[in-house]
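Peer 1: my_file-v1.pdb (PDB, C-alpha atoms) pasted underneath:
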```
ATOM      1  CA  MET A1046     111.498  50.655  65.571  1.00  0.00           C
ATOM      2  CA  ARG A1047     108.404  48.941  66.919  1.00  0.00           C
ATOM      3  CA  VAL A1048     104.711  49.758  66.970  1.00  0.00           C
ATOM      4  CA  ARG A1049     102.232  47.770  69.066  1.00  0.00           C
ATOM      5  CA  VAL A1050      98.455  48.089  69.291  1.00  0.00           C
ATOM      6  CA  GLN A1051      97.025  45.923  72.036  1.00  0.00           C
ATOM      7  CA  GLN A1052      94.174  45.440  74.449  1.00  0.00           C
ATOM      8  CA  ALA A1053      96.339  44.044  77.244  1.00  0.00           C
ATOM      9  CA  PRO A1054      98.117  46.263  79.760  1.00  0.00           C
ATOM     10  CA  PHE A1055     101.861  46.778  79.342  1.00  0.00           C
ATOM     11  CA  ASP A1056     104.559  47.055  81.979  1.00  0.00           C
ATOM     12  CA  PHE A1057     105.956  50.556  81.555  1.00  0.00           C
ATOM     13  CA  GLY A1058     109.098  49.860  83.599  1.00  0.00           C
ATOM     14  CA  GLU A1059     109.908  46.681  81.735  1.00  0.00           C
ATOM     15  CA  GLU A1060     109.267  48.294  78.336  1.00  0.00           C
ATOM     16  CA  ALA A1061     111.374  51.369  79.197  1.00  0.00           C
ATOM     17  CA  ASN A1062     114.258  49.272  80.525  1.00  0.00           C
ATOM     18  CA  GLY A1063     114.176  46.915  77.563  1.00  0.00           C
ATOM     19  CA  PHE A1064     114.106  49.841  75.163  1.00  0.00           C
ATOM     20  CA  ALA A1065     117.031  51.599  76.873  1.00  0.00           C
ATOM     21  CA  ARG A1066     119.036  48.370  76.955  1.00  0.00           C
ATOM     22  CA  ASP A1067     118.429  47.689  73.240  1.00  0.00           C
ATOM     23  CA  ALA A1068     119.240  51.302  72.381  1.00  0.00           C
ATOM     24  CA  GLY A1069     122.816  50.546  73.441  1.00  0.00           C
ATOM     25  CA  ALA A1070     125.096  53.569  73.420  1.00  0.00           C
ATOM     26  CA  ALA A1071     122.518  55.914  71.924  1.00  0.00           C
ATOM     27  CA  GLY A1072     123.230  58.564  74.579  1.00  0.00           C
ATOM     28  CA  ALA A1073     119.678  59.771  75.204  1.00  0.00           C
ATOM     29  CA  VAL A1074     116.418  57.918  75.840  1.00  0.00           C
ATOM     30  CA  VAL A1075     113.124  59.721  76.422  1.00  0.00           C
ATOM     31  CA  THR A1076     109.904  57.983  77.453  1.00  0.00           C
ATOM     32  CA  PHE A1077     106.360  59.260  77.852  1.00  0.00           C
ATOM     33  CA  THR A1078     103.313  57.416  79.101  1.00  0.00           C
ATOM     34  CA  GLY A1079      99.689  58.585  78.951  1.00  0.00           C
ATOM     35  CA  VAL A1080      97.396  57.658  81.847  1.00  0.00           C
ATOM     36  CA  VAL A1081      93.582  57.704  81.968  1.00  0.00           C
ATOM     37  CA  ARG A1082      92.696  60.878  83.850  1.00  0.00           C
ATOM     38  CA  GLU A1083      90.312  60.993  86.788  1.00  0.00           C
ATOM     39  CA  ALA A1084      87.372  63.101  85.520  1.00  0.00           C
ATOM     40  CA  ASP A1085      87.008  66.484  87.251  1.00  0.00           C
ATOM     41  CA  ALA A1086      83.945  65.374  89.139  1.00  0.00           C
ATOM     42  CA  GLY A1087      85.450  61.942  89.631  1.00  0.00           C
ATOM     43  CA  ALA A1088      82.443  60.595  87.767  1.00  0.00           C
ATOM     44  CA  MET A1089      84.114  58.672  84.964  1.00  0.00           C
ATOM     45  CA  THR A1090      84.309  54.979  85.650  1.00  0.00           C
ATOM     46  CA  VAL A1091      85.396  53.569  82.291  1.00  0.00           C
ATOM     47  CA  MET A1092      87.166  54.877  79.215  1.00  0.00           C
ATOM     48  CA  GLU A1093      86.453  52.852  76.122  1.00  0.00           C
ATOM     49  CA  ILE A1094      88.943  53.166  73.283  1.00  0.00           C
ATOM     50  CA  GLU A1095      87.871  52.118  69.800  1.00  0.00           C
ATOM     51  CA  HIS A1096      90.291  51.881  66.893  1.00  0.00           C
ATOM     52  CA  TYR A1097      90.460  50.978  63.209  1.00  0.00           C
ATOM     53  CA  PRO A1098      92.406  47.698  62.995  1.00  0.00           C
ATOM     54  CA  GLY A1099      94.772  47.795  60.038  1.00  0.00           C
ATOM     55  CA  MET A1100      94.758  51.540  59.568  1.00  0.00           C
ATOM     56  CA  THR A1101      95.917  52.108  63.162  1.00  0.00           C
ATOM     57  CA  GLU A1102      99.073  50.052  62.717  1.00  0.00           C
ATOM     58  CA  LYS A1103      99.803  51.682  59.349  1.00  0.00           C
ATOM     59  CA  ALA A1104      99.281  55.208  60.699  1.00  0.00           C
ATOM     60  CA  LEU A1105     101.502  54.601  63.740  1.00  0.00           C
ATOM     61  CA  GLN A1106     104.186  53.015  61.576  1.00  0.00           C
ATOM     62  CA  LYS A1107     104.143  56.039  59.271  1.00  0.00           C
ATOM     63  CA  ILE A1108     104.366  58.531  62.153  1.00  0.00           C
ATOM     64  CA  ALA A1109     107.214  56.597  63.801  1.00  0.00           C
ATOM     65  CA  THR A1110     109.113  56.244  60.507  1.00  0.00           C
ATOM     66  CA  GLU A1111     108.874  60.024  60.006  1.00  0.00           C
ATOM     67  CA  ALA A1112     110.206  60.678  63.509  1.00  0.00           C
ATOM     68  CA  VAL A1113     113.119  58.260  63.105  1.00  0.00           C
ATOM     69  CA  ALA A1114     114.159  59.874  59.810  1.00  0.00           C
ATOM     70  CA  ARG A1115     113.699  63.477  60.893  1.00  0.00           C
ATOM     71  CA  TRP A1116     115.562  63.280  64.238  1.00  0.00           C
ATOM     72  CA  GLU A1117     117.979  60.500  63.210  1.00  0.00           C
ATOM     73  CA  LEU A1118     116.711  58.341  66.034  1.00  0.00           C
ATOM     74  CA  THR A1119     118.557  55.122  66.756  1.00  0.00           C
ATOM     75  CA  ASP A1120     115.226  53.575  67.843  1.00  0.00           C
ATOM     76  CA  ALA A1121     111.580  54.364  68.565  1.00  0.00           C
ATOM     77  CA  LEU A1122     108.737  52.508  70.289  1.00  0.00           C
ATOM     78  CA  VAL A1123     105.006  53.207  70.292  1.00  0.00           C
ATOM     79  CA  ILE A1124     102.514  51.150  72.318  1.00  0.00           C
ATOM     80  CA  HIS A1125      98.815  52.110  72.288  1.00  0.00           C
ATOM     81  CA  ARG A1126      95.998  50.220  73.990  1.00  0.00           C
ATOM     82  CA  TYR A1127      92.341  49.893  73.072  1.00  0.00           C
ATOM     83  CA  GLY A1128      89.305  48.478  74.853  1.00  0.00           C
ATOM     84  CA  ARG A1129      87.979  49.290  78.322  1.00  0.00           C
ATOM     85  CA  LEU A1130      90.300  51.204  80.631  1.00  0.00           C
ATOM     86  CA  GLN A1131      89.859  52.758  84.064  1.00  0.00           C
ATOM     87  CA  PRO A1132      91.206  55.962  85.620  1.00  0.00           C
ATOM     88  CA  GLY A1133      94.855  55.400  86.485  1.00  0.00           C
ATOM     89  CA  ASP A1134      95.395  52.817  83.717  1.00  0.00           C
ATOM     90  CA  GLN A1135      98.212  53.438  81.255  1.00  0.00           C
ATOM     91  CA  ILE A1136      96.800  54.072  77.763  1.00  0.00           C
ATOM     92  CA  MET A1137      99.941  54.385  75.705  1.00  0.00           C
ATOM     93  CA  MET A1138     103.657  55.035  75.737  1.00  0.00           C
ATOM     94  CA  VAL A1139     106.322  56.270  73.381  1.00  0.00           C
ATOM     95  CA  ALA A1140     110.082  55.918  73.691  1.00  0.00           C
ATOM     96  CA  THR A1141     112.768  57.516  71.561  1.00  0.00           C
ATOM     97  CA  ALA A1142     116.522  56.989  71.479  1.00  0.00           C
ATOM     98  CA  ALA A1143     118.972  59.436  69.933  1.00  0.00           C
ATOM     99  CA  GLN A1144     122.537  60.611  70.332  1.00  0.00           C
ATOM    100  CA  HIS A1145     121.457  63.788  72.106  1.00  0.00           C
ATOM    101  CA  ARG A1146     118.557  64.679  74.347  1.00  0.00           C
ATOM    102  CA  VAL A1147     117.077  67.519  72.257  1.00  0.00           C
ATOM    103  CA  ALA A1148     116.399  65.135  69.377  1.00  0.00           C
ATOM    104  CA  ALA A1149     114.956  62.478  71.703  1.00  0.00           C
ATOM    105  CA  PHE A1150     112.624  64.987  73.462  1.00  0.00           C
ATOM    106  CA  GLU A1151     111.476  66.643  70.235  1.00  0.00           C
ATOM    107  CA  ALA A1152     110.825  63.339  68.507  1.00  0.00           C
ATOM    108  CA  ALA A1153     108.771  62.127  71.497  1.00  0.00           C
ATOM    109  CA  GLU A1154     106.651  65.303  71.355  1.00  0.00           C
ATOM    110  CA  TYR A1155     106.212  64.906  67.616  1.00  0.00           C
ATOM    111  CA  LEU A1156     105.063  61.301  68.084  1.00  0.00           C
ATOM    112  CA  MET A1157     102.559  62.411  70.746  1.00  0.00           C
ATOM    113  CA  ASP A1158     101.198  65.311  68.696  1.00  0.00           C
ATOM    114  CA  TYR A1159     100.692  63.146  65.631  1.00  0.00           C
ATOM    115  CA  LEU A1160      99.212  60.148  67.304  1.00  0.00           C
ATOM    116  CA  LYS A1161      96.654  62.357  69.055  1.00  0.00           C
ATOM    117  CA  SER A1162      95.187  63.610  65.761  1.00  0.00           C
ATOM    118  CA  ARG A1163      96.362  61.214  63.034  1.00  0.00           C
ATOM    119  CA  ALA A1164      96.051  57.752  64.516  1.00  0.00           C
ATOM    120  CA  PRO A1165      92.512  56.314  64.263  1.00  0.00           C
ATOM    121  CA  PHE A1166      91.573  55.977  67.934  1.00  0.00           C
ATOM    122  CA  TRP A1167      88.366  57.288  69.518  1.00  0.00           C
ATOM    123  CA  LYS A1168      87.754  57.650  73.233  1.00  0.00           C
ATOM    124  CA  LYS A1169      84.409  57.311  74.953  1.00  0.00           C
ATOM    125  CA  GLU A1170      83.881  58.221  78.596  1.00  0.00           C
ATOM    126  CA  ILE A1171      81.337  56.217  80.508  1.00  0.00           C
ATOM    127  CA  LEU A1172      80.136  57.883  83.694  1.00  0.00           C
ATOM    128  CA  ALA A1173      79.016  56.305  86.945  1.00  0.00           C
ATOM    129  CA  ASP A1174      75.354  57.060  86.144  1.00  0.00           C
ATOM    130  CA  GLY A1175      75.658  55.155  82.856  1.00  0.00           C
ATOM    131  CA  ALA A1176      75.794  58.221  80.599  1.00  0.00           C
ATOM    132  CA  ALA A1177      78.375  57.937  77.826  1.00  0.00           C
ATOM    133  CA  ASP A1178      80.096  60.622  75.786  1.00  0.00           C
ATOM    134  CA  TRP A1179      82.553  60.488  72.927  1.00  0.00           C
ATOM    135  CA  VAL A1180      85.572  62.666  73.693  1.00  0.00           C
ATOM    136  CA  ALA A1181      85.648  65.559  71.203  1.00  0.00           C
ATOM    137  CA  ALA A1182      88.887  66.326  69.386  1.00  0.00           C
ATOM    138  CA  LYS A1183      90.475  69.547  70.616  1.00  0.00           C
ATOM    139  CA  GLU A1184      91.338  72.314  68.209  1.00  0.00           C
ATOM    140  CA  ALA A1185      94.571  72.820  70.167  1.00  0.00           C
ATOM    141  CA  ASP A1186      95.613  69.260  69.278  1.00  0.00           C
ATOM    142  CA  GLU A1187      95.116  69.939  65.574  1.00  0.00           C
ATOM    143  CA  ASP A1188      96.937  73.284  65.906  1.00  0.00           C
ATOM    144  CA  ALA A1189      99.859  71.528  67.602  1.00  0.00           C
ATOM    145  CA  LEU A1190     100.677  69.821  64.291  1.00  0.00           C
ATOM    146  CA  THR A1191     101.472  73.133  62.607  1.00  0.00           C
ATOM    147  CA  ARG A1192     104.632  73.562  64.687  1.00  0.00           C
ATOM    148  CA  TRP A1193     106.207  70.594  62.936  1.00  0.00           C
TER     149      TRP A1193
ATOM    150  CA  MET B 601      83.167  48.299  48.207  1.00  0.00           C
ATOM    151  CA  ASP B 602      83.221  47.928  51.971  1.00  0.00           C
ATOM    152  CA  VAL B 603      82.090  50.963  53.946  1.00  0.00           C
ATOM    153  CA  LEU B 604      83.157  51.133  57.607  1.00  0.00           C
ATOM    154  CA  TYR B 605      81.875  53.386  60.385  1.00  0.00           C
ATOM    155  CA  PHE B 606      83.557  54.179  63.679  1.00  0.00           C
ATOM    156  CA  ALA B 607      82.704  55.825  67.018  1.00  0.00           C
ATOM    157  CA  TRP B 608      79.507  57.925  66.990  1.00  0.00           C
ATOM    158  CA  VAL B 609      79.142  57.540  63.216  1.00  0.00           C
ATOM    159  CA  ARG B 610      78.846  53.770  63.790  1.00  0.00           C
ATOM    160  CA  GLU B 611      76.372  54.326  66.622  1.00  0.00           C
ATOM    161  CA  ARG B 612      74.204  56.730  64.618  1.00  0.00           C
ATOM    162  CA  ILE B 613      74.036  54.474  61.568  1.00  0.00           C
ATOM    163  CA  GLY B 614      73.735  51.337  63.677  1.00  0.00           C
ATOM    164  CA  LEU B 615      76.307  49.311  61.748  1.00  0.00           C
ATOM    165  CA  PRO B 616      80.085  48.858  61.930  1.00  0.00           C
ATOM    166  CA  LYS B 617      80.434  47.829  58.293  1.00  0.00           C
ATOM    167  CA  GLU B 618      78.435  47.188  55.153  1.00  0.00           C
ATOM    168  CA  ARG B 619      78.919  46.271  51.507  1.00  0.00           C
ATOM    169  CA  VAL B 620      77.831  49.091  49.171  1.00  0.00           C
ATOM    170  CA  GLU B 621      77.360  48.859  45.416  1.00  0.00           C
ATOM    171  CA  THR B 622      77.696  52.350  44.013  1.00  0.00           C
ATOM    172  CA  THR B 623      78.428  54.295  40.863  1.00  0.00           C
ATOM    173  CA  ALA B 624      79.530  57.336  42.898  1.00  0.00           C
ATOM    174  CA  VAL B 625      82.663  58.906  41.441  1.00  0.00           C
ATOM    175  CA  THR B 626      83.783  60.765  44.561  1.00  0.00           C
ATOM    176  CA  VAL B 627      83.423  60.409  48.335  1.00  0.00           C
ATOM    177  CA  ALA B 628      80.998  63.357  48.326  1.00  0.00           C
ATOM    178  CA  GLU B 629      78.745  61.550  45.832  1.00  0.00           C
ATOM    179  CA  LEU B 630      78.806  58.402  47.948  1.00  0.00           C
ATOM    180  CA  ILE B 631      77.791  60.470  50.984  1.00  0.00           C
ATOM    181  CA  GLU B 632      74.851  61.938  49.028  1.00  0.00           C
ATOM    182  CA  GLU B 633      73.713  58.435  48.084  1.00  0.00           C
ATOM    183  CA  LEU B 634      73.945  57.218  51.669  1.00  0.00           C
ATOM    184  CA  MET B 635      72.146  60.278  53.074  1.00  0.00           C
ATOM    185  CA  ALA B 636      69.228  59.668  50.707  1.00  0.00           C
ATOM    186  CA  ARG B 637      68.673  56.204  52.245  1.00  0.00           C
ATOM    187  CA  ASP B 638      67.088  57.221  55.557  1.00  0.00           C
ATOM    188  CA  GLU B 639      67.348  59.592  58.495  1.00  0.00           C
ATOM    189  CA  ARG B 640      70.033  57.596  60.314  1.00  0.00           C
ATOM    190  CA  TYR B 641      72.453  58.251  57.473  1.00  0.00           C
ATOM    191  CA  ALA B 642      71.226  61.810  57.044  1.00  0.00           C
ATOM    192  CA  ALA B 643      71.940  62.441  60.745  1.00  0.00           C
ATOM    193  CA  ALA B 644      75.378  60.833  60.632  1.00  0.00           C
ATOM    194  CA  PHE B 645      76.493  62.812  57.584  1.00  0.00           C
ATOM    195  CA  GLY B 646      74.687  66.058  58.416  1.00  0.00           C
ATOM    196  CA  ASP B 647      77.812  67.995  59.391  1.00  0.00           C
ATOM    197  CA  LEU B 648      80.811  67.095  57.250  1.00  0.00           C
ATOM    198  CA  SER B 649      83.123  69.355  59.253  1.00  0.00           C
ATOM    199  CA  ALA B 650      82.705  66.820  62.098  1.00  0.00           C
ATOM    200  CA  LEU B 651      83.690  63.902  59.861  1.00  0.00           C
ATOM    201  CA  ARG B 652      86.839  62.410  58.412  1.00  0.00           C
ATOM    202  CA  VAL B 653      87.203  59.854  55.642  1.00  0.00           C
ATOM    203  CA  ALA B 654      89.843  57.244  54.874  1.00  0.00           C
ATOM    204  CA  LEU B 655      90.205  55.459  51.537  1.00  0.00           C
ATOM    205  CA  ASP B 656      91.925  52.080  51.763  1.00  0.00           C
ATOM    206  CA  GLN B 657      93.107  53.090  55.248  1.00  0.00           C
ATOM    207  CA  GLU B 658      94.672  56.428  54.232  1.00  0.00           C
ATOM    208  CA  LEU B 659      93.102  59.765  55.217  1.00  0.00           C
ATOM    209  CA  ALA B 660      91.512  61.492  52.226  1.00  0.00           C
ATOM    210  CA  GLU B 661      89.428  64.528  51.250  1.00  0.00           C
ATOM    211  CA  PHE B 662      85.700  64.463  50.468  1.00  0.00           C
ATOM    212  CA  ASP B 663      86.323  65.312  46.805  1.00  0.00           C
ATOM    213  CA  ALA B 664      88.700  62.351  46.379  1.00  0.00           C
ATOM    214  CA  PRO B 665      87.869  59.877  43.586  1.00  0.00           C
ATOM    215  CA  LEU B 666      86.619  56.389  44.498  1.00  0.00           C
ATOM    216  CA  SER B 667      88.024  54.652  41.445  1.00  0.00           C
ATOM    217  CA  GLY B 668      89.843  51.468  42.497  1.00  0.00           C
ATOM    218  CA  VAL B 669      89.036  51.994  46.189  1.00  0.00           C
ATOM    219  CA  ARG B 670      88.036  48.835  48.077  1.00  0.00           C
ATOM    220  CA  GLU B 671      87.481  50.207  51.589  1.00  0.00           C
ATOM    221  CA  VAL B 672      85.953  53.520  52.641  1.00  0.00           C
ATOM    222  CA  ALA B 673      85.788  54.495  56.325  1.00  0.00           C
ATOM    223  CA  PHE B 674      83.903  57.363  57.951  1.00  0.00           C
ATOM    224  CA  PHE B 675      84.675  58.557  61.479  1.00  0.00           C
ATOM    225  CA  PRO B 676      84.902  61.636  63.711  1.00  0.00           C
ATOM    226  CA  PRO B 677      88.208  63.481  64.245  1.00  0.00           C
ATOM    227  CA  MET B 678      90.609  61.123  65.986  1.00  0.00           C
ATOM    228  CA  THR B 679      91.356  61.282  69.712  1.00  0.00           C
ATOM    229  CA  GLY B 680      94.405  59.110  70.307  1.00  0.00           C
ATOM    230  CA  GLY B 681      97.158  59.508  72.871  1.00  0.00           C
TER     231      GLY B 681
END
```
For the file at hand, write its structure as structure tokens.
Peer 2:
Amino acid sequence: MRVRVQQAPFDFGEEANGFARDAGAAGAVVTFTGVVREADAGAMTVMEIEHYPGMTEKALQKIATEAVARWELTDALVIHRYGRLQPGDQIMMVATAAQHRVAAFEAAEYLMDYLKSRAPFWKKEILADGAADWVAAKEADEDALTRW
Amino acid sequence: MDVLYFAWVRERIGLPKERVETTAVTVAELIEELMARDERYAAAFGDLSALRVALDQELAEFDAPLSGVREVAFFPPMTGG
């Protein structure tokens, strides 16, 4: 199990292939990657992601450990970036390996749900005209945790 | 103890981090002390439903005790992923 918090971009293909190779004969590997969305009006030029160094790594480690135990994963990977990103940039990825696909899919969804609301990251959208807005947490994201 | 602020809480207060000497017993008491300082703090802590707190890097409640805590952090609800 690995957790990485970094400013630098990551190579999704390379990470996914490396993860699948290391997972050996797990049977099922699921990957998800989150990409900075083009704002509706196409006005957002930069997304700035702030985080809480120290707590971020601990929180991600805790969430990943839970997922590994609960779905008996053979491996899990979480990568999350911070700093200045642009529309189209990859923000984060998760990968899960299990003996069967249901466990791998569910664990990946669990990781996503928890790291949306329980990992200390904050997103700020900076628009072309210079205006900046912190992205508000969605109630639906908090509600999503109740299904687990 | 060290008190840390993130996202718009940091912007409103104008500091990422400060050292605070306090006799506050709970997080709520610490917030009262900070709010009494000036309007920047009062504005940042005006609506507690929009705030979260972590004690030594673990999420906590506002009535949690501060005894033995070395690092308190205030921030808005998280928006990872």
Peer 1: Enumerate as a PyMOL selection string the residues belonging to chain B that approach chain A to within 9 Å, with all atoms listed in the file taken into account.
Peer 2: chain B and resi 606-608+654+656-659+675-681
Peer 1: Could you check the closest approach to Val625 of chain B for each of B:Asp663, B:Asp602, B:Asp647, B:Asp638 and tell me which residue wins, using only C-alpha atoms?
Peer 2: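 Answer, going by the shortest atom-to-atom distance: B:Asp663.
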Peer 1: Excluding Leu666 of chain B and any residue of its chain fewer than 6 positions from it, enumerate the residues within 8 Å of it, using all atoms listed in the file, and give them as an MDAnalysis selection string.
Peer 2: chainID B and resid 624:627 655
Peer 1: Write the residues of the preceding selection, restricted to C-alpha atoms, as an mmCIF file, in the coordinates of the input.
Peer 2:
```
data_model
loop_
_atom_site.group_PDB
_atom_site.id
_atom_site.type_symbol
_atom_site.label_atom_id
_atom_site.label_comp_id
_atom_site.auth_asym_id
_atom_site.auth_seq_id
_atom_site.Cartn_x
_atom_site.Cartn_y
_atom_site.Cartn_z
ATOM 1 C CA ALA B 624 79.530 57.336 42.898
ATOM 2 C CA VAL B 625 82.663 58.906 41.441
ATOM 3 C CA THR B 626 83.783 60.765 44.561
ATOM 4 C CA VAL B 627 83.423 60.409 48.335
ATOM 5 C CA LEU B 655 90.205 55.459 51.537
#
```
Peer 1: Would you kindly return, as a short mmCIF file (atom, residue, chain, number, x, y, z; two decimals) with C-alpha atoms, in the frame of the given file, each protein, DNA or RNA residue with an atom no farther than 9 Å from any atom of Arg640 of chain B, considering all atoms listed in the file and excluding same-chain residues fewer than 3 positions away?
Peer 2:
```
data_model
loop_
_atom_site.label_atom_id
_atom_site.label_comp_id
_atom_site.auth_asym_id
_atom_site.auth_seq_id
_atom_site.Cartn_x
_atom_site.Cartn_y
_atom_site.Cartn_z
CA ARG B 612 74.20 56.73 64.62
CA ILE B 613 74.04 54.47 61.57
CA GLY B 614 73.74 51.34 63.68
CA MET B 635 72.15 60.28 53.07
CA ARG B 637 68.67 56.20 52.24
CA ALA B 643 71.94 62.44 60.74
CA ALA B 644 75.38 60.83 60.63
CA PHE B 645 76.49 62.81 57.58
#
```
Peer 1: Record the distance separating atom CA of Phe662 of chain B and atom CA of Ala628 of chain B, expressed in Å with one decimal.
Peer 2: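 Atom CA of Ala628 of chain B lies 5.3 Å from atom CA of Phe662 of chain B.
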Peer 1: Could the centre and edge lengths of an axis-aligned box, enclosing all atoms of segment 1140-1159 of chain A in the file with 4 Å extra on each side, be given in Å to one decimal as JSON?
Peer 2:
```
{"center_x": 111.6, "center_y": 61.7, "center_z": 70.0, "size_x": 29.8, "size_y": 19.6, "size_z": 16.7}
```
Peer 1: Interatomic distance between atom CA of Val669 of chain B and atom CA of Arg619 of chain B?
Peer 2: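 For atom CA of Val669 of chain B relative to atom CA of Arg619 of chain B, the distance reads 12.8 Å.
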Peer 1: For each of B:Val609, B:Ala636, B:Ala642, B:Met601, take the minimum atom-to-atom distance to Thr622 of chain B, counting only C-alpha atoms, then give the residue where this is smallest.
Peer 2: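 Among the listed residues, B:Met601 lies closest to Thr622 of chain B.
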Peer 1: What gap, in Å, lies between atom CA of Tyr605 of chain B and atom CA of Lys1107 of chain A?
Peer 2: 22.5 Å
Peer 1: Quick one: which residues end up in the PyMOL selection byres ((chain A and resi 1060) around 10) for this structure, as a list in words?
Peer 2: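 Checked against the file, the PyMOL selection byres ((chain A and resi 1060) around 10) matches Phe1055, Asp1056, Phe1057, Gly1058, Glu1059, Ala1061, Asn1062, Gly1063, Phe1064, Ala1065, Arg1066, Thr1076, Leu1122, Ile1124, Met1138, Val1139 and Ala1140 of chain A.
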Peer 1: From the list A:Ala1149, A:Ala1185, A:Ala1177, A:Val1050, which residue is nearest Glu611 of chain B when using all atoms listed in the file?
Peer 2: A:Ala1177
Peer 1: Name the residues that the PyMOL selection byres ((chain A and resi 1109-1114) around 8) picks from the file above, as a count of residues only, using the file's chain letters and numbers.
Peer 2: 18
Peer 1: Of the residues B:Leu604, B:Glu632, B:Lys617, B:Gly668, which is the one nearest to Val653 of chain B, using only C-alpha atoms?
Peer 2: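 Between B:Leu604, B:Glu632, B:Lys617, B:Gly668, the residue approaching Val653 of chain B most closely is B:Leu604.
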Peer 1: With all atoms listed in the file as the basis for distance, which of A:Glu1154, A:Glu1093, A:Glu1102, A:Asp1134 is at the shortest distance from Phe1077 of chain A?
Peer 2: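 Ranking A:Glu1154, A:Glu1093, A:Glu1102, A:Asp1134 by distance to Phe1077 of chain A, first place goes to A:Glu1154.
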Peer 1: Could you check the closest approach to Glu618 of chain B for each of B:Val603, B:Ala673, B:Ile631, B:Leu651 and tell me which residue wins, using all atoms listed in the file?
Peer 2: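 Closest residue, counting all atoms listed in the file: B:Val603.
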Peer 1: Evaluate the PyMOL selection byres ((chain A and resi 1145) around 12) here and jot the selected residues down as a list of chain:residue names.
Peer 2: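 Applied to this file, the PyMOL selection byres ((chain A and resi 1145) around 12) selects A:Ala1070, A:Ala1071, A:Gly1072, A:Ala1073, A:Val1074, A:Val1075, A:Trp1116, A:Glu1117, A:Leu1118, A:Thr1119, A:Thr1141, A:Ala1142, A:Ala1143, A:Gln1144, A:Arg1146, A:Val1147, A:Ala1148, A:Ala1149, A:Phe1150, A:Glu1151, A:Ala1152.
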Peer 1: Can you sort out segment 1055-1059 of chain A so it carries all heavy atoms, written as a short mmCIF file (atom, residue, chain, number, x, y, z; two decimals), in the frame of the given file?
Peer 2:
```
data_model
loop_
_atom_site.label_atom_id
_atom_site.label_comp_id
_atom_site.auth_asym_id
_atom_site.auth_seq_id
_atom_site.Cartn_x
_atom_site.Cartn_y
_atom_site.Cartn_z
N PHE A 1055 100.43 47.00 79.54
CA PHE A 1055 101.86 46.78 79.34
C PHE A 1055 102.56 47.21 80.62
O PHE A 1055 102.01 47.97 81.41
CB PHE A 1055 102.38 47.56 78.13
CG PHE A 1055 102.11 49.05 78.19
CD1 PHE A 1055 102.99 49.90 78.83
CD2 PHE A 1055 100.96 49.57 77.62
CE1 PHE A 1055 102.74 51.26 78.89
CE2 PHE A 1055 100.70 50.94 77.68
CZ PHE A 1055 101.59 51.79 78.31
N ASP A 1056 103.77 46.70 80.80
CA ASP A 1056 104.56 47.06 81.98
C ASP A 1056 105.52 48.16 81.57
O ASP A 1056 106.52 47.92 80.91
CB ASP A 1056 105.32 45.81 82.47
CG ASP A 1056 106.09 46.09 83.76
OD1 ASP A 1056 106.62 47.22 83.92
OD2 ASP A 1056 106.16 45.17 84.59
N PHE A 1057 105.18 49.39 81.99
CA PHE A 1057 105.96 50.56 81.56
C PHE A 1057 107.43 50.42 81.92
O PHE A 1057 108.31 50.69 81.09
CB PHE A 1057 105.36 51.83 82.17
CG PHE A 1057 106.12 53.07 81.84
CD1 PHE A 1057 106.19 53.54 80.54
CD2 PHE A 1057 106.79 53.77 82.83
CE1 PHE A 1057 106.90 54.68 80.23
CE2 PHE A 1057 107.51 54.91 82.53
CZ PHE A 1057 107.57 55.37 81.23
N GLY A 1058 107.71 49.99 83.15
CA GLY A 1058 109.10 49.86 83.60
C GLY A 1058 109.88 48.87 82.75
O GLY A 1058 111.00 49.15 82.31
N GLU A 1059 109.25 47.72 82.51
CA GLU A 1059 109.91 46.68 81.74
C GLU A 1059 110.16 47.14 80.29
O GLU A 1059 111.22 46.92 79.72
CB GLU A 1059 109.01 45.45 81.73
CG GLU A 1059 109.70 44.16 81.43
CD GLU A 1059 108.75 43.00 81.66
OE1 GLU A 1059 108.42 42.71 82.83
OE2 GLU A 1059 108.30 42.42 80.66
#
```
